[in-house]
Amino acid sequence: MTKVNPEFATELTKYGIGDFNACFNCGNCTATCSLSTSDSSFPREMIRYTTLGLEDEIRSSLKPWECYYCGECSRECPRKANPGELMMSLRRWLTAQYDWTGLSGLLYRSLTLTVTALLLVAAGVFLFARTVHFDAEALLHTGHRFEMLAIATVFLVIFIPNLFRMWYYTIVKNGVKAPVKRYLTTLSELFVQMFTQKRARDCDGKDNFRWLEHLVLVFAYLSLLFTTVFLNWFGTGSLFIIVLGYVESFLIFVITVHFVSGRIKRNKALNTFSQPSDWLFVIWLLLMGLTAFLVRLFIDLQILEANIWIHLIHLTVLAQWALIIVPFGKWTHFLYRSFGLYFVKIKTMQKPA
Amino acid sequence: MRQRIGVYICHCGGNISDYVDVEELSKMFHKEDGVVVSKDVMFACADSNQKAMVEDIQQYNLDAIVVASCSPKLHLHTFRAVAGRAGLNPNNYVQVNIREQCSWPHSDRPREATVKAAGLIRAGINRVVYSEALDSIEIEVKKAAMVIGAGISGMKAAIDLARAGNEVYLVEKDYFVGGHIAQQEKLFMTGQSGKEIVKRLYDEMKSYKNITVFTGATVSKVTGSLGSFNIEVKVKPRFINGKMDKQSVKRVMDDCQVTVRDRFNEGLTTRKAIYKNYPEALPDVPVVDMEALRDHPDFLEKHKAVINPNEQEETIALLAGSVLVTTGFDNYEPKEGEFGYKNIPNVITLPQLNRLMELSPEKLVYNGKEIRSVAFIYCVGSRQKKGENKYCSRQCCTSTIYTALQLKEKYGKIQNYHLYRDIRTYGKQEILYDRASKQGDLFFKYEEKELPTVEMNGNAITLKVKDYLTNKKELEITPDLVVLVTGMVARADAPHISELFKIPIGNDKFFNEIHPKLKPVETVIKGVYIGGTCQGPKNVSEAVQSSLAGASKITALLKSGTVMGDPVVARIDADVCTWCGKCAEVCDYTAIRETITKAGKHIAGVNRSVCTGCGICAPVCPVNAIEVAKYTDHEIEAMIDGFAAEVEIREEDVSAVNEGKEDFVAAHMKEYPQIWKDILDTLDTEKKTIPEMVDTLNMAPEMVTWHLMTMNKYGVVSPAGTNDKEEYYYYKIK
C-alpha cells in the first residue's frame, strides 16, 4: 500500500521544476522518448509518482538516470507540463537523497546557503594564504597537497557511502539479488557510460557535436586532474607535461565557454531552465580551466612571484570546486548517472522470478 | 374504385433509370386496366413535371395518381400537394419507392430490378384503385397549456408559452418553485446563484397575467386528449391564514420550537415546523408542517389566528390543449454501506456537499472537524454495467470539478482528490477540468470492476484505490471528507405521471421521446411533450433547451385553435362489432371506449384525435370489425396480388451472339421460387456439385451458384463434403 502525499510536489519545486500539475497522463512524453522502452518506460511514470508524492517509488527508481534530457518530451507535451525538466529536478532530488550528509539537499534548496558556503571557503583560502605570508612556493606546495587530500577524502567520506546508499535504495530495496560475479562482469558498462556517455547517442534528435564536446570535456577534465595531481604540472620541468596541461586547460576553457553561452542563449531544451547548481558547475569548471592555464603561464613567464593573486584565485576556485561542487553539486550527476546505468544493467540481468 | 389513374415513373436523373428500365415500364403500364396516363419522367419532383401532372389530372379527368420514384419520406407531401392543387383528394395518391427499395440495392442486377420495380408499381396501382378520398380530422384545441414541474425548465417554458399568448397553468408539487437549482449556491459555468435565477424567473412569471402557478399541487386525474385535456389538480393546504399580514406570520415562525429534518438541506440540518425552503423562497408564504405540529395543540391554539389546522386540500379542474411535462429528476441515493455511506461519518453525497458549502461561509466544517482535503468518488449510481442505471448522468463530472474549484476558491488551502472512471467535462466545460488540474487537484482513474474502498482507521478515513494511471498500483488516501458523486435517477413519482398521461418509460425509467433526433420532445401521446431532466440526465442549459423546444412545439400546435389530424385511424364496422373489449385492452393510447349507437347497440368507439393508426386493434378483433383507413384489407390484398402477378418485359439481349436483336423474355416474380424448386428437384435423389447441377438444369453457372448460396444461407440446403478431387463441394437438401 502506497500513501499519496500531495505535499511532495511542493517540496520538489525547490529542486527546479515549476508547474507540472497540468499533466493529464496522456503519455505522449513516454511515446516520444527514444530511450524509453516497454520494459522501462518513462517519463510519464515518474511524473505520476511525483504528482502523487510516492517518494519510496522515486527513491528506488533508476529511471531519472536513464534520461539525458534531449527535451523531446517537453516539446511534445500537449499540456506544457515540462516532463524533461521534471526528470532533471528528480535527478537533483535523488542526489540529495543519496547524500548522507544532507548538504546536497540544503545547497540545492537554498541559493543563499550556497553563496555563503562559497564565501566561507574563499575566506578560508585567504586566511591560510596569510599564515604563509602569501609565499608562492608554499602556496603551490600546499595547493598540490590539498588537491590530493581532497580527492581522497571526498571519495572515502562522501562518494563511497553515498554510492552505497544509492545501491541500497535501488538494488537492495527493489529485491534485486545479484551475485558478486555479475557486478564484476558488468563493470565495463560503468566505465563506458562514465567516460563516453554512450547511451546519450541513442537519443532521437541526437546532437553529435554536443556529445563530442562532452566527451572531450570529460577527458580533458580528468586528465588535467591527473596532470596536476600526479604529474605535478605546476612543479614539473618536463616540456611534454607542461604542454599537455596547457592543451587540457585550454580545451576545458573553450568547451565551457560554449556551454555557458548556450545556457545564456537558452538555445536547447536542456538549457532553458538553468538552476544555480547548473550555473555553478559550468562556470566553476570554466574558471578552473582558465586559472590553471594562467597560473602555469605566469610560472613560465616567471611573473607568478609578482602576481601571486592569480594563484590565490586559482586556489579559491579549486577549493570551492573540490569542497562544494564536486561532493554536493552537479558533479555528482556524472558519478550517479554512470552507476545508475551500471545498476540498471545489473537489474535487467536478473531473470524474472 | 378509382378508374382513371395516372402513373408517373421517375428516372431520378439516372439514379433509377440506370438500373431499372423505366421507359419500358411506362409503356407496359399504359396497357394496365384503369390506367389512363403512364409516363416516364426525368425528375418527377421538378416544377415543370408537377405542372404537367396537374394539367394531366385536369385534362384526362384522373381520379387517382401513382408516382414511382424515391422514398415517401422525401416527396410524399410534394405529390399529395400536386393532387390537391389539381382538385384531387390527396389521399387518392400512392407513392411507390423504386429507388431506395429497388434501383439502389439491386444496382448489380438490372434485369431483376426492373422485374421488382414492375411488381412494386403494379402493387401501387392496385392500391390506389381502392384508395378513398379521406378528409383530415379537424381537432379543436384549447389555447391553454399545462406545464408540470416548476424547476428552471418548467418556469422558462411557462414564460415562453405565456408570451406567445397561451393560458398557462404551472403545477409544482413542492410548496416553493425552483426545483434543484435553488439548492445550488453557484451554477457552472457562470457561477450564477441558483436562487437568483429562480427569483428572476418567478418575477418574470408574475408579470404575465396568463400564468397561474399552483404550488403544493399534484395532478390526480387526466381525461381527454389533444386539444382538450381535462386535468384534475389537487392543491395541498399550507395551513396559513391567507388574510394575515407577513409580520404576524413571521412572529409565529419565530415562536415555533418544533423542528424536523430539513429536506431542502439534504438532511444536513433541521428546520422549524413552519418553514420556507430558504428565506427568499417563492412564493413568499411559509408552510406549516402539520404532521409535526399536530402533537402540539397548545401551540396551534396560541396561534389560531395565523394557523388554520382545518384547511382542506382543494381540487381544481383545468382544461388544457396541450401538456408539457418537466418533472425533473431525483438524486441517486446511495445504498447503505455503498462506499461507506451512512456507516462511516464524513461520507456524504455531492448534493449534500453543495448544501454544506452554502451553509458554511467561512470555514468548511463537518461533524465538528475542519475539512482540509476532500476525495470525490465519481459515477456513484451511474454507468453501472450490472446495476440498474447503465447511463451516464452527464452533468456530474462538470458539477464535481466546479465544486472542487469552488472549494479552493472559497476556503483556501484544500486538497481535492478525484477518483473517476472517465472525465466527461465535454464541450466548453473542458476548461474547468483544466483549471482543476492546474490548481493541483489529483486525479485517479478506477475501473468499475475494482471499486475504491472507504474504511475507518481510528479517527481517519482511509480510501484505497487501484489507480489505472499509476500502473494499477493500490494507493492510499486519507481525506477528511469523502464525497460520493451521485448521478440522476428518474423521479420516484415518474411512473405515476406516466400512468396519468400514458407517457412511455424507457429501461432507464426516464420518459421516452419518440425519436432522439427527429422528435426529441414529442411523446407518442399527441399533445403531450416532455422537457428537461424527466427525459434523461441533462445539465441546466440542456434541460432548458429541451423544455423551450417543447414550449415552441406547443405554441405552434395551439396557435390556430384547430389541428388537422391524419385520417389514418381505426374504423369500426358497427354492424359487425359486438363489443368484446379486446381492442380497448390492446390499445396503448386508450383511444377505444365502449359506445352505444343510436340503435342502442354496444360497440367499440374510436377517439379519432387520440388514435395513431398503429393498427394493433385490427388483428385482435375476433369478428374482423376493425380496419385502419388507407390500410384496409382490400388495399393490402390488392397490393399483394399486384406484386405477385406476372410481368412481361421486353428485354434487350446484349450477349455477343444475339447482339442488336430484341427478344421478349417472360419474367415472373414467382420465378425465383421456381428456380429453387428446380434445384431441389435435382438434389432430391443424390447430392450434387455445382457443375453437376449446371449440367442437369442447363442454367448459367453463376445463376445456380447465386441461388444455391442463398438457399444455403437460409438453411434450405447444406454442404455435404467435397468430391474426390476435392475441387467442389457437394450440396444436399437439409
# chains A, B, ... in the order shown; residues from 1 in each chain; ligands from 1
$ residues_around --residues "B:Gln95" --least-positions-apart "3" --cutoff "9 Å" --atoms "only C-alpha atoms" --output "PDB file with N, CA and C atoms, in the first residue's frame"
ATOM      1  N   ILE B  65     -53.641   9.136 -58.666  1.00  0.00           N
ATOM      2  CA  ILE B  65     -52.309   9.107 -59.285  1.00  0.00           C
ATOM      3  C   ILE B  65     -51.332   8.258 -58.479  1.00  0.00           C
ATOM      4  N   VAL B  66     -50.355   7.706 -59.225  1.00  0.00           N
ATOM      5  CA  VAL B  66     -49.268   6.927 -58.620  1.00  0.00           C
ATOM      6  C   VAL B  66     -47.960   7.523 -59.116  1.00  0.00           C
ATOM      7  N   VAL B  67     -47.040   7.824 -58.218  1.00  0.00           N
ATOM      8  CA  VAL B  67     -45.700   8.237 -58.640  1.00  0.00           C
ATOM      9  C   VAL B  67     -44.718   7.204 -58.135  1.00  0.00           C
ATOM     10  N   ALA B  68     -43.958   6.621 -59.057  1.00  0.00           N
ATOM     11  CA  ALA B  68     -42.923   5.661 -58.674  1.00  0.00           C
ATOM     12  C   ALA B  68     -41.598   6.400 -58.712  1.00  0.00           C
ATOM     13  N   SER B  69     -41.072   6.697 -57.549  1.00  0.00           N
ATOM     14  CA  SER B  69     -39.830   7.473 -57.515  1.00  0.00           C
ATOM     15  C   SER B  69     -39.039   7.090 -56.268  1.00  0.00           C
ATOM     16  N   CYS B  70     -38.810   8.088 -55.436  1.00  0.00           N
ATOM     17  CA  CYS B  70     -37.984   7.848 -54.248  1.00  0.00           C
ATOM     18  C   CYS B  70     -38.853   7.499 -53.049  1.00  0.00           C
ATOM     19  N   SER B  71     -38.230   7.578 -51.873  1.00  0.00           N
ATOM     20  CA  SER B  71     -38.946   7.242 -50.649  1.00  0.00           C
ATOM     21  C   SER B  71     -40.026   8.267 -50.348  1.00  0.00           C
ATOM     22  N   PRO B  72     -41.163   7.824 -49.829  1.00  0.00           N
ATOM     23  CA  PRO B  72     -42.214   8.781 -49.455  1.00  0.00           C
ATOM     24  C   PRO B  72     -41.728   9.766 -48.389  1.00  0.00           C
ATOM     25  N   HIS B  75     -40.782  12.771 -50.710  1.00  0.00           N
ATOM     26  CA  HIS B  75     -41.685  13.534 -51.578  1.00  0.00           C
ATOM     27  C   HIS B  75     -43.153  13.179 -51.480  1.00  0.00           C
ATOM     28  N   LEU B  76     -43.548  12.465 -50.419  1.00  0.00           N
ATOM     29  CA  LEU B  76     -44.970  12.156 -50.259  1.00  0.00           C
ATOM     30  C   LEU B  76     -45.791  13.448 -50.265  1.00  0.00           C
ATOM     31  N   PHE B  79     -46.151  15.344 -53.718  1.00  0.00           N
ATOM     32  CA  PHE B  79     -47.116  14.865 -54.710  1.00  0.00           C
ATOM     33  C   PHE B  79     -48.544  14.891 -54.185  1.00  0.00           C
ATOM     34  N   ILE B 121     -44.721  -1.244 -58.669  1.00  0.00           N
ATOM     35  CA  ILE B 121     -45.610  -0.235 -59.263  1.00  0.00           C
ATOM     36  C   ILE B 121     -47.010  -0.806 -59.428  1.00  0.00           C
ATOM     37  N   GLY B 124     -48.732  -0.674 -56.313  1.00  0.00           N
ATOM     38  CA  GLY B 124     -49.164   0.701 -56.027  1.00  0.00           C
ATOM     39  C   GLY B 124     -50.446   1.046 -56.789  1.00  0.00           C
TER      40      GLY B 124
END
$ interface_residues --of "chain A" --to "chain B" --cutoff "10 Å" --atoms "only C-alpha atoms" --output "mmCIF file with C-alpha atoms, in the first residue's frame"
data_model
loop_
_atom_site.group_PDB
_atom_site.id
_atom_site.type_symbol
_atom_site.label_atom_id
_atom_site.label_comp_id
_atom_site.auth_asym_id
_atom_site.auth_seq_id
_atom_site.Cartn_x
_atom_site.Cartn_y
_atom_site.Cartn_z
ATOM 1 C CA MET A 1 0.000 0.000 0.000
ATOM 2 C CA THR A 2 1.379 3.313 -1.023
ATOM 3 C CA LYS A 3 0.306 6.508 0.600
ATOM 4 C CA VAL A 4 -0.451 9.553 -1.514
ATOM 5 C CA ASN A 5 1.344 12.706 -0.420
ATOM 6 C CA PRO A 6 0.482 15.845 -2.399
ATOM 7 C CA GLU A 7 3.000 17.866 -0.349
ATOM 8 C CA ALA A 9 5.117 18.149 -5.320
ATOM 9 C CA ASP A 19 4.238 23.743 -12.511
ATOM 10 C CA PHE A 20 3.759 20.171 -13.624
ATOM 11 C CA ASN A 21 0.190 19.762 -12.353
ATOM 12 C CA ALA A 22 -1.013 20.391 -15.866
ATOM 13 C CA CYS A 23 -0.143 16.780 -16.738
ATOM 14 C CA PHE A 24 -3.206 14.751 -17.662
ATOM 15 C CA ASN A 25 -1.388 11.496 -18.106
ATOM 16 C CA CYS A 26 -1.709 11.187 -21.851
ATOM 17 C CA GLY A 27 1.705 9.557 -22.117
ATOM 18 C CA ARG A 44 5.155 9.658 -17.545
ATOM 19 C CA GLU A 45 5.523 7.181 -14.736
ATOM 20 C CA MET A 46 7.932 9.450 -12.882
ATOM 21 C CA ILE A 47 5.619 12.440 -13.347
ATOM 22 C CA ARG A 48 2.759 10.406 -11.941
ATOM 23 C CA TYR A 49 4.863 9.302 -8.950
ATOM 24 C CA THR A 51 2.336 14.271 -8.546
ATOM 25 C CA LEU A 52 1.161 11.651 -6.078
ATOM 26 C CA LEU A 54 5.262 8.393 -3.946
ATOM 27 C CA ARG A 79 -0.116 20.454 -21.604
ATOM 28 C CA ALA A 81 3.924 20.223 -18.147
#
$ residues_around --residues "stretch 691-698 of chain B" --least-positions-apart "3" --cutoff "8 Å" --atoms "only C-alpha atoms" --output "list in words"
Asp678, Ile679, Thr682, Lys688, Pro701 and Val704 of chain B
$ residues_around --residues "stretch 184-192 of chain A" --least-positions-apart "3" --cutoff "9 Å" --atoms "only C-alpha atoms" --output "list in words"
Val180, Lys181, Phe195, Thr196, Gln197, Lys198, Ser338, Phe339, Gly340, Leu341, Tyr342, Phe343, Lys345 and Ile346 of chain A
$ residues_around --residues "B:Gln58" --least-positions-apart "4" --cutoff "12 Å" --atoms "only C-alpha atoms" --output "number ranges by chain"
B: 4-6, 37, 51-54, 62-65, 82-88
$ select_by_dssp --residues "stretch 9-121 of chain B" --states "strand (DSSP E or B)" --output "PDB file with C-alpha atoms, in the first residue's frame"
ATOM      1  CA  ILE B   9     -42.267   6.699 -63.302  1.00  0.00           C
ATOM      2  CA  CYS B  10     -39.257   8.769 -62.417  1.00  0.00           C
ATOM      3  CA  VAL B  35     -54.512   3.449 -66.216  1.00  0.00           C
ATOM      4  CA  VAL B  36     -55.225   6.449 -68.408  1.00  0.00           C
ATOM      5  CA  VAL B  37     -51.832   8.137 -68.374  1.00  0.00           C
ATOM      6  CA  SER B  38     -48.490   6.366 -67.970  1.00  0.00           C
ATOM      7  CA  LYS B  39     -45.300   8.357 -68.357  1.00  0.00           C
ATOM      8  CA  ASP B  40     -41.638   8.163 -67.545  1.00  0.00           C
ATOM      9  CA  VAL B  41     -40.209  11.490 -66.411  1.00  0.00           C
ATOM     10  CA  ALA B  64     -56.041   8.891 -58.722  1.00  0.00           C
ATOM     11  CA  ILE B  65     -52.309   9.107 -59.285  1.00  0.00           C
ATOM     12  CA  VAL B  66     -49.268   6.927 -58.620  1.00  0.00           C
ATOM     13  CA  VAL B  67     -45.700   8.237 -58.640  1.00  0.00           C
ATOM     14  CA  ALA B  68     -42.923   5.661 -58.674  1.00  0.00           C
ATOM     15  CA  SER B  69     -39.830   7.473 -57.515  1.00  0.00           C
ATOM     16  CA  TYR B  93     -52.308   9.328 -54.275  1.00  0.00           C
ATOM     17  CA  VAL B  94     -49.832   6.474 -53.753  1.00  0.00           C
ATOM     18  CA  GLN B  95     -46.100   6.808 -53.828  1.00  0.00           C
ATOM     19  CA  VAL B  96     -44.049   3.798 -54.861  1.00  0.00           C
ATOM     20  CA  ASN B  97     -40.448   3.678 -53.747  1.00  0.00           C
TER      21      ASN B  97
END
$ closest_residue --among "B:Arg238, B:Lys342, B:Arg261, B:Lys509" --to "B:Val306" --atoms "only C-alpha atoms"
B:Arg238
$ closest_residue --among "B:Ala490, B:Glu100, B:Phe299, B:Gln352" --to "B:Asp262" --atoms "only C-alpha atoms"
B:Gln352
$ closest_residue --among "A:Ala178, A:Leu251, A:Gly245, A:Ile264" --to "A:Leu215" --atoms "only C-alpha atoms"
A:Leu251
$ residues_around --residues "B:Ala113" --least-positions-apart "5" --cutoff "9 Å" --atoms "only C-alpha atoms" --output "list in words"
Tyr19, Val20, Asp21, Ile98, Cys102, Ser103, Pro105, His106, Ser107, Asp108 and Ala118 of chain B
$ residues_around --residues "stretch 211-225 of chain B" --least-positions-apart "6" --cutoff "7 Å" --atoms "only C-alpha atoms" --output "list in words"
Ala162, Glu167, Val168, Tyr169, Leu170, Val171, Glu172, Lys173, Asp174, Tyr175, Phe176, Met205, Ile231, Glu232, Val233, Lys234, Val235, Lys236, Leu500, Phe501, Ser609 and Val610 of chain B
$ atom_distance --atom1 "atom CA of B:Ile626" --atom2 "atom CA of B:Val576"
9.0 Å
$ atom_distance --atom1 "atom CA of B:Val147" --atom2 "atom CA of B:Val323"
6.0 Å
$ select_by_dssp --residues "stretch 138-347 of chain A" --states "alpha helix (DSSP H)" --output "ChimeraX atom specification"
/A:138-153,160-167,180-185,187-196,208-229,239-265,269-272,276-300,308-320,326-328,331-347
$ closest_residue --among "A:Arg59, A:Met88, A:Tyr15, A:Gly289" --to "A:Pro43" --atoms "only C-alpha atoms"
A:Met88
